[in-house]
$ cat input-v8.tsv   # TSV, C-alpha atoms
chain	number	residue	atom	x	y	z
M	28	MET	CA	142.67	276.29	14.15
M	29	ASN	CA	140.63	277.24	11.17
M	30	GLU	CA	138.19	280.15	10.85
M	31	GLN	CA	135.07	278.19	11.69
M	32	GLU	CA	136.57	276.69	14.85
M	33	PHE	CA	137.74	280.15	15.92
M	34	ALA	CA	134.24	281.62	15.36
M	35	SER	CA	132.67	278.81	17.33
M	36	LYS	CA	135.01	279.36	20.26
M	37	LEU	CA	134.50	283.12	20.16
M	38	ALA	CA	130.69	282.66	20.17
M	39	GLY	CA	131.00	280.43	23.22
M	40	HIS	CA	133.11	282.98	25.10
M	41	LEU	CA	130.72	285.82	24.18
M	42	CYS	CA	127.72	283.82	25.41
M	43	VAL	CA	129.39	283.26	28.75
M	44	ALA	CA	130.65	286.87	28.94
M	45	ALA	CA	127.19	288.29	28.06
M	46	HIS	CA	125.92	287.13	31.45
M	47	THR	CA	128.62	289.10	33.25
M	48	VAL	CA	128.22	292.41	31.35
M	49	GLU	CA	127.20	295.37	33.49
M	50	ASP	CA	123.76	296.92	33.00
M	51	GLU	CA	125.11	300.19	31.65
M	52	VAL	CA	127.26	298.39	29.05
M	53	ALA	CA	124.30	296.15	28.08
M	54	GLN	CA	122.10	299.26	27.55
M	55	ARG	CA	124.72	300.85	25.29
M	56	LEU	CA	125.12	297.65	23.32
M	57	ARG	CA	121.31	297.36	22.86
M	58	GLY	CA	121.09	301.00	21.73
M	59	ALA	CA	123.92	300.55	19.23
M	60	ARG	CA	122.27	297.43	17.84
M	61	GLU	CA	118.92	299.16	17.38
M	62	ARG	CA	120.53	302.14	15.61
M	63	ALA	CA	122.38	299.80	13.27
M	64	LEU	CA	119.17	297.93	12.45
M	65	ALA	CA	117.29	301.23	11.80
M	66	VAL	CA	119.99	302.38	9.35
M	67	GLN	CA	119.87	299.02	7.59
M	68	ARG	CA	116.04	299.23	7.22
M	69	ARG	CA	116.26	302.75	5.69
M	70	ARG	CA	118.90	301.62	3.19
M	71	GLY	CA	116.79	298.63	2.23
M	72	ARG	CA	113.71	300.82	1.54
M	73	LEU	CA	115.78	303.26	-0.53
M	74	ALA	CA	117.32	300.46	-2.56
M	75	ARG	CA	113.89	298.94	-3.29
M	76	LEU	CA	112.54	302.35	-4.27
M	77	LEU	CA	115.42	303.02	-6.64
M	78	ALA	CA	115.08	299.58	-8.20
M	79	GLY	CA	111.33	300.13	-8.74
M	80	ASN	CA	111.89	303.47	-10.46
M	81	ARG	CA	114.57	301.99	-12.67
M	82	LEU	CA	112.15	299.23	-13.71
M	83	ARG	CA	109.42	301.74	-14.39
M	84	PHE	CA	111.76	303.91	-16.48
M	85	ALA	CA	113.07	300.90	-18.35
M	86	PHE	CA	109.74	299.17	-19.02
M	87	GLY	CA	107.33	302.13	-19.10
M	88	PRO	CA	107.25	302.52	-22.90
M	89	VAL	CA	107.06	298.75	-23.37
M	90	LEU	CA	104.15	298.49	-20.95
M	91	ARG	CA	102.35	301.36	-22.68
M	92	SER	CA	102.85	299.72	-26.09
M	93	ALA	CA	101.65	296.39	-24.76
M	94	GLY	CA	98.57	298.08	-23.32
M	95	SER	CA	97.82	299.75	-26.65
M	96	MET	CA	98.28	296.43	-28.43
M	97	VAL	CA	95.92	294.63	-26.07
M	98	ALA	CA	93.32	297.39	-26.52
M	99	LEU	CA	93.68	297.20	-30.30
M	100	LEU	CA	93.36	293.42	-30.30
M	101	ALA	CA	90.28	293.63	-28.12
M	102	LEU	CA	88.76	296.17	-30.51
M	103	LEU	CA	89.50	294.02	-33.55
M	104	ALA	CA	88.14	290.93	-31.85
M	105	ALA	CA	84.95	292.78	-30.89
M	106	GLY	CA	84.54	294.04	-34.47
M	107	ASP	CA	85.05	290.56	-35.89
M	108	TYR	CA	82.62	289.09	-33.38
M	109	TRP	CA	79.96	291.67	-34.23
M	110	ALA	CA	80.41	291.22	-38.00
M	111	THR	CA	80.11	287.44	-37.68
M	112	TRP	CA	77.10	287.67	-35.41
M	113	SER	CA	75.42	290.12	-37.77
M	114	ARG	CA	76.02	287.87	-40.80
M	115	VAL	CA	74.74	284.77	-39.01
M	116	ALA	CA	71.63	286.61	-37.82
M	117	SER	CA	70.91	287.94	-41.32
M	118	LEU	CA	71.36	284.50	-42.93
M	119	GLU	CA	69.21	282.86	-40.28
M	120	GLU	CA	66.40	285.32	-40.83
M	121	VAL	CA	66.32	285.04	-44.63
M	122	ASP	CA	66.83	281.28	-44.77
M	123	ALA	CA	64.19	280.58	-42.14
M	124	ALA	CA	61.70	282.83	-43.95
M	125	LEU	CA	62.53	281.24	-47.27
M	126	LEU	CA	62.18	277.69	-45.95
M	127	ILE	CA	58.71	278.31	-44.49
M	128	ASP	CA	57.46	280.47	-47.33
M	129	ASP	CA	54.31	279.70	-49.32
M	130	LEU	CA	56.38	279.43	-52.44
M	131	PRO	CA	58.72	276.46	-52.90
M	132	ILE	CA	62.47	276.93	-53.23
M	133	ASP	CA	62.24	276.24	-56.98
M	134	ALA	CA	60.24	279.43	-57.44
M	135	TYR	CA	63.14	281.44	-56.07
M	136	LEU	CA	65.71	279.56	-58.11
M	137	ASP	CA	63.86	280.23	-61.37
M	138	THR	CA	65.05	283.67	-62.42
M	139	GLU	CA	62.46	283.79	-65.23
M	140	PHE	CA	59.59	283.51	-62.78
M	141	LYS	CA	60.14	286.97	-61.37
M	142	THR	CA	60.22	288.48	-64.86
M	143	TRP	CA	57.08	286.57	-65.85
M	144	LEU	CA	55.38	287.64	-62.64
M	145	SER	CA	56.02	291.34	-63.15
M	146	ARG	CA	54.88	291.02	-66.79
M	147	GLU	CA	51.66	289.32	-65.69
M	148	SER	CA	50.94	291.95	-63.09
M	149	GLN	CA	51.28	294.68	-65.71
M	150	SER	CA	49.04	293.01	-68.32
F	174	MET	CA	102.41	296.62	-34.90
F	175	PHE	CA	99.14	296.88	-36.83
F	176	ALA	CA	100.21	294.01	-39.07
F	177	LEU	CA	100.93	291.92	-36.00
F	178	ALA	CA	97.57	292.80	-34.50
F	179	PHE	CA	95.75	291.81	-37.68
F	180	ALA	CA	97.74	288.63	-37.96
F	181	LEU	CA	96.88	287.67	-34.41
F	182	THR	CA	93.17	288.35	-34.75
F	183	ALA	CA	92.66	287.03	-38.27
F	184	GLY	CA	90.67	283.85	-37.87
F	185	ALA	CA	91.28	283.82	-34.17
F	186	VAL	CA	87.70	284.63	-33.23
F	187	ALA	CA	85.42	281.65	-33.62
F	188	PRO	CA	81.87	282.57	-34.59
F	189	ILE	CA	79.84	282.61	-31.40
F	190	GLY	CA	79.99	278.89	-30.79
F	191	ALA	CA	79.52	276.55	-33.72
F	192	PRO	CA	78.71	273.21	-32.10
F	193	GLN	CA	79.61	269.80	-33.42
F	194	TRP	CA	76.73	267.36	-33.97
F	195	GLY	CA	77.37	265.65	-30.64
F	196	GLU	CA	77.17	268.97	-28.80
F	197	LEU	CA	73.63	269.76	-29.97
F	198	SER	CA	70.70	269.22	-27.63
F	199	ALA	CA	68.31	266.35	-28.30
F	200	ALA	CA	65.64	268.80	-29.52
F	201	GLN	CA	68.08	270.48	-31.91
F	202	ARG	CA	69.28	267.13	-33.24
F	203	ASP	CA	65.67	266.08	-33.84
F	204	VAL	CA	64.94	269.19	-35.91
F	205	LEU	CA	68.24	269.09	-37.78
F	206	ALA	CA	68.22	265.32	-38.36
F	207	PRO	CA	68.12	265.71	-42.20
F	208	LEU	CA	71.49	267.49	-41.96
F	209	ALA	CA	73.20	264.97	-39.65
F	210	ARG	CA	75.47	263.56	-42.32
F	211	GLU	CA	76.71	266.95	-43.58
F	212	TRP	CA	76.78	268.69	-40.20
F	213	ASN	CA	80.43	268.37	-39.19
F	214	ALA	CA	81.58	269.35	-42.70
F	215	MET	CA	79.56	272.58	-42.65
F	216	SER	CA	81.21	275.93	-42.04
F	217	ASP	CA	80.93	277.49	-38.59
F	218	THR	CA	78.60	280.18	-39.96
F	219	GLN	CA	76.27	277.60	-41.51
F	220	ARG	CA	76.12	275.52	-38.34
F	221	GLN	CA	75.41	278.56	-36.23
F	222	LYS	CA	72.65	279.62	-38.61
F	223	TRP	CA	70.99	276.18	-38.48
F	224	VAL	CA	71.18	276.18	-34.70
F	225	GLY	CA	69.29	279.48	-34.75
F	226	ILE	CA	66.67	278.01	-37.08
F	227	ALA	CA	66.33	274.93	-34.88
F	228	ASN	CA	65.84	277.16	-31.84
F	229	ARG	CA	62.95	279.01	-33.44
F	230	PHE	CA	61.40	275.77	-34.77
F	231	GLN	CA	59.05	275.26	-31.80
F	232	ARG	CA	57.51	278.69	-32.33
F	233	LEU	CA	56.45	277.84	-35.90
F	234	THR	CA	53.04	276.49	-36.92
F	235	PRO	CA	52.85	272.75	-37.69
F	236	GLU	CA	52.51	273.62	-41.38
F	237	GLU	CA	55.66	275.74	-41.31
F	238	GLN	CA	57.52	273.05	-39.37
F	239	ALA	CA	56.58	270.49	-42.02
F	240	ARG	CA	57.81	272.83	-44.77
F	241	ILE	CA	61.16	273.35	-43.09
F	242	ARG	CA	61.66	269.64	-42.56
F	243	ALA	CA	60.78	268.91	-46.19
F	244	ARG	CA	63.00	271.65	-47.65
F	245	MET	CA	66.02	271.48	-45.38
F	246	LYS	CA	67.91	268.79	-47.29
F	247	THR	CA	67.10	270.32	-50.67
F	248	TRP	CA	68.43	273.64	-49.42
F	249	VAL	CA	71.69	272.18	-48.16
F	250	ASP	CA	72.23	270.27	-51.41
F	251	LEU	CA	72.13	273.49	-53.46
F	252	THR	CA	75.38	275.14	-54.44
F	253	PRO	CA	76.33	278.33	-52.57
F	254	GLU	CA	75.60	280.29	-55.77
F	255	GLN	CA	72.11	278.81	-56.04
F	256	ARG	CA	71.36	279.58	-52.41
F	257	GLU	CA	72.53	283.16	-52.87
F	258	ARG	CA	70.39	283.52	-56.00
F	259	ALA	CA	67.34	282.18	-54.15
F	260	ARG	CA	67.95	284.62	-51.30
F	261	ASP	CA	68.23	287.53	-53.72
F	262	GLN	CA	64.98	286.49	-55.43
F	263	TYR	CA	63.27	286.10	-52.09
F	264	ARG	CA	64.39	289.56	-50.95
F	265	ALA	CA	63.13	291.06	-54.22
F	266	LEU	CA	59.73	289.32	-54.07
F	267	ARG	CA	59.29	289.90	-50.35
F	268	ASN	CA	58.73	293.56	-51.06
F	269	ALA	CA	55.90	292.87	-53.50
F	270	PRO	CA	52.44	294.23	-52.57
F	271	PRO	CA	50.53	291.97	-50.12
F	272	GLU	CA	47.78	291.08	-52.62
F	273	GLN	CA	50.44	290.00	-55.11
F	274	ARG	CA	52.22	287.94	-52.44
F	275	GLU	CA	49.01	286.08	-51.68
F	276	ALA	CA	48.41	285.26	-55.31
F	277	MET	CA	51.99	284.17	-55.94
F	278	ARG	CA	51.48	280.54	-55.05
F	279	GLU	CA	48.71	280.17	-57.63
F	280	GLN	CA	50.73	282.12	-60.13
F	281	TRP	CA	53.65	279.78	-59.56
F	282	GLN	CA	51.39	276.82	-60.27
F	283	ARG	CA	50.18	278.52	-63.43
F	284	TYR	CA	53.73	279.37	-64.47
F	285	ARG	CA	54.79	275.77	-63.94
F	286	SER	CA	51.98	274.53	-66.16
F	287	LEU	CA	53.10	276.74	-69.06
F	288	SER	CA	55.55	275.60	-71.72
F	289	PRO	CA	58.77	277.63	-72.12
F	290	GLU	CA	57.26	279.27	-75.23
F	291	GLU	CA	54.10	280.22	-73.39
F	292	ARG	CA	56.15	281.86	-70.66
F	293	GLN	CA	57.64	284.28	-73.18
F	294	PRO	CA	55.89	287.61	-73.74
F	295	ARG	CA	53.12	287.42	-76.37
F	296	ALA	CA	53.87	288.75	-79.81
F	297	ASP	CA	51.16	291.41	-79.64
F	298	ALA	CA	52.48	292.49	-76.25
F	299	ARG	CA	55.95	292.79	-77.68
F	300	LYS	CA	54.62	294.87	-80.56
F	301	ARG	CA	52.64	297.16	-78.30
F	302	PRO	CA	55.41	299.69	-77.62
F	303	SER	CA	56.07	300.13	-81.37
F	304	ALA	CA	52.33	300.75	-81.99
F	305	ARG	CA	52.56	303.94	-80.02
F	306	PRO	CA	52.72	307.14	-82.06
F	307	PRO	CA	56.29	308.27	-82.55
F	308	ALA	CA	57.42	310.74	-79.98
F	309	ARG	CA	57.64	314.26	-81.21
F	310	GLY	CA	61.02	315.84	-81.31
F	311	PRO	CA	61.72	318.97	-79.38
F	312	GLN	CA	59.90	321.98	-80.85
F	313	GLU	CA	62.20	324.68	-81.93
$ encode --input "input-v8.tsv" --output "structure tokens"
Amino acid sequence: MNEQEFASKLAGHLCVAAHTVEDEVAQRLRGARERALAVQRRRGRLARLLAGNRLRFAFGPVLRSAGSMVALLALLAAGDYWATWSRVASLEEVDAALLIDDLPIDAYLDTEFKTWLSRESQS
Amino acid sequence: MFALAFALTAGAVAPIGAPQWGELSAAQRDVLAPLAREWNAMSDTQRQKWVGIANRFQRLTPEEQARIRARMKTWVDLTPEQRERARDQYRALRNAPPEQREAMREQWQRYRSLSPEERQPRADARKRPSARPPARGPQE
């Protein structure tokens, strides 16, 4: 008879015997089972707590560094976004004004015109 | 760590949406039609700028709208250096007195009609500073 067959037979006998156990014995058995389960629950909680603390101790500095890195990246991204937006807005304003101006583009490309203009206004 | 942060962010932030030609609205495409061929080759900043100009197009007078349409292609065909020079000139002249600004268009026409020699300062005007009496030296 191997171990599994033995266990199966034992379980069968216990099932039959459980119906013939006296009330007092059944009460004691139930109490013992509940105490064992309560001890097991406490040990489980303690083990989880210890594991959590170990993780926090082990990864605390890493998490803090990662948080700082994310904050730094966000700051850099915001700065880059603002600088780009500001440049686009400035270009848009000048180019739009230049394209609808009374003077043609050629007037602004001719560097001599400005000199001539200031000379004329002085004479 | 800083180097890594810079490396990660460098070029990672696209400028506030720079749409491809197919992503523009029908109204934007209509305004920007002269730039259709160059559009997808433009930088993100340029595209975003033109989108902004297209968005303000409807608020312009018909005369201003016609000017933009007529000048758009010329503007894009300029080199970046020429565009920057024109912007600098515009910024400098924008601060001129209002009466001078109003007369500038006529003055431009006059300037255009002059030969290169005529645009140079007149000889008598050039001599004028030397006609002044010599400045006295400090009295001792």
$ atom_distance --input "input-v8.tsv" --atom1 "CA of Ser198 (chain F)" --atom2 "CA of Arg232 (chain F)"
16.9 Å
$ axis_aligned_box --input "input-v8.tsv" --around "region 228-243 of chain F" --padding-each-side "5 Å" --output "AutoDock Vina command-line options"
--center_x 59.2 --center_y 274.0 --center_z -39.0 --size_x 23.3 --size_y 20.1 --size_z 24.4
$ closest_atom_pairs --input "input-v8.tsv" --of "chain F" --to "chain M" --cutoff "6 Å" --atoms "only C-alpha atoms" --output "tab-separated table"
residue	atom	partner	partner_atom	distance
F:Ala178	CA	M:Leu100	CA	6.0
F:Lys222	CA	M:Glu119	CA	5.0
F:Glu237	CA	M:Ile127	CA	5.1
F:Arg240	CA	M:Ile127	CA	5.6
F:Ile241	CA	M:Leu126	CA	5.3
F:Ala259	CA	M:Tyr135	CA	4.7
F:Gln262	CA	M:Tyr135	CA	5.4
F:Arg278	CA	M:Leu130	CA	5.7
$ atom_distance --input "input-v8.tsv" --atom1 "CA of Ala227 (chain F)" --atom2 "CA of Val204 (chain F)"
6.0 Å
$ atom_distance --input "input-v8.tsv" --atom1 "CA of Phe230 (chain F)" --atom2 "CA of Ser113 (chain M)"
20.3 Å
$ residues_around --input "input-v8.tsv" --residues "Asp203 (chain F)" --least-positions-apart "3" --cutoff "12 Å" --atoms "only C-alpha atoms" --output "list in words"
Trp194, Leu197, Ser198, Ala199, Ala200, Ala206, Pro207, Leu208, Ala209, Val224, Ala227, Asn228, Phe230, Gln231 and Arg242 of chain F
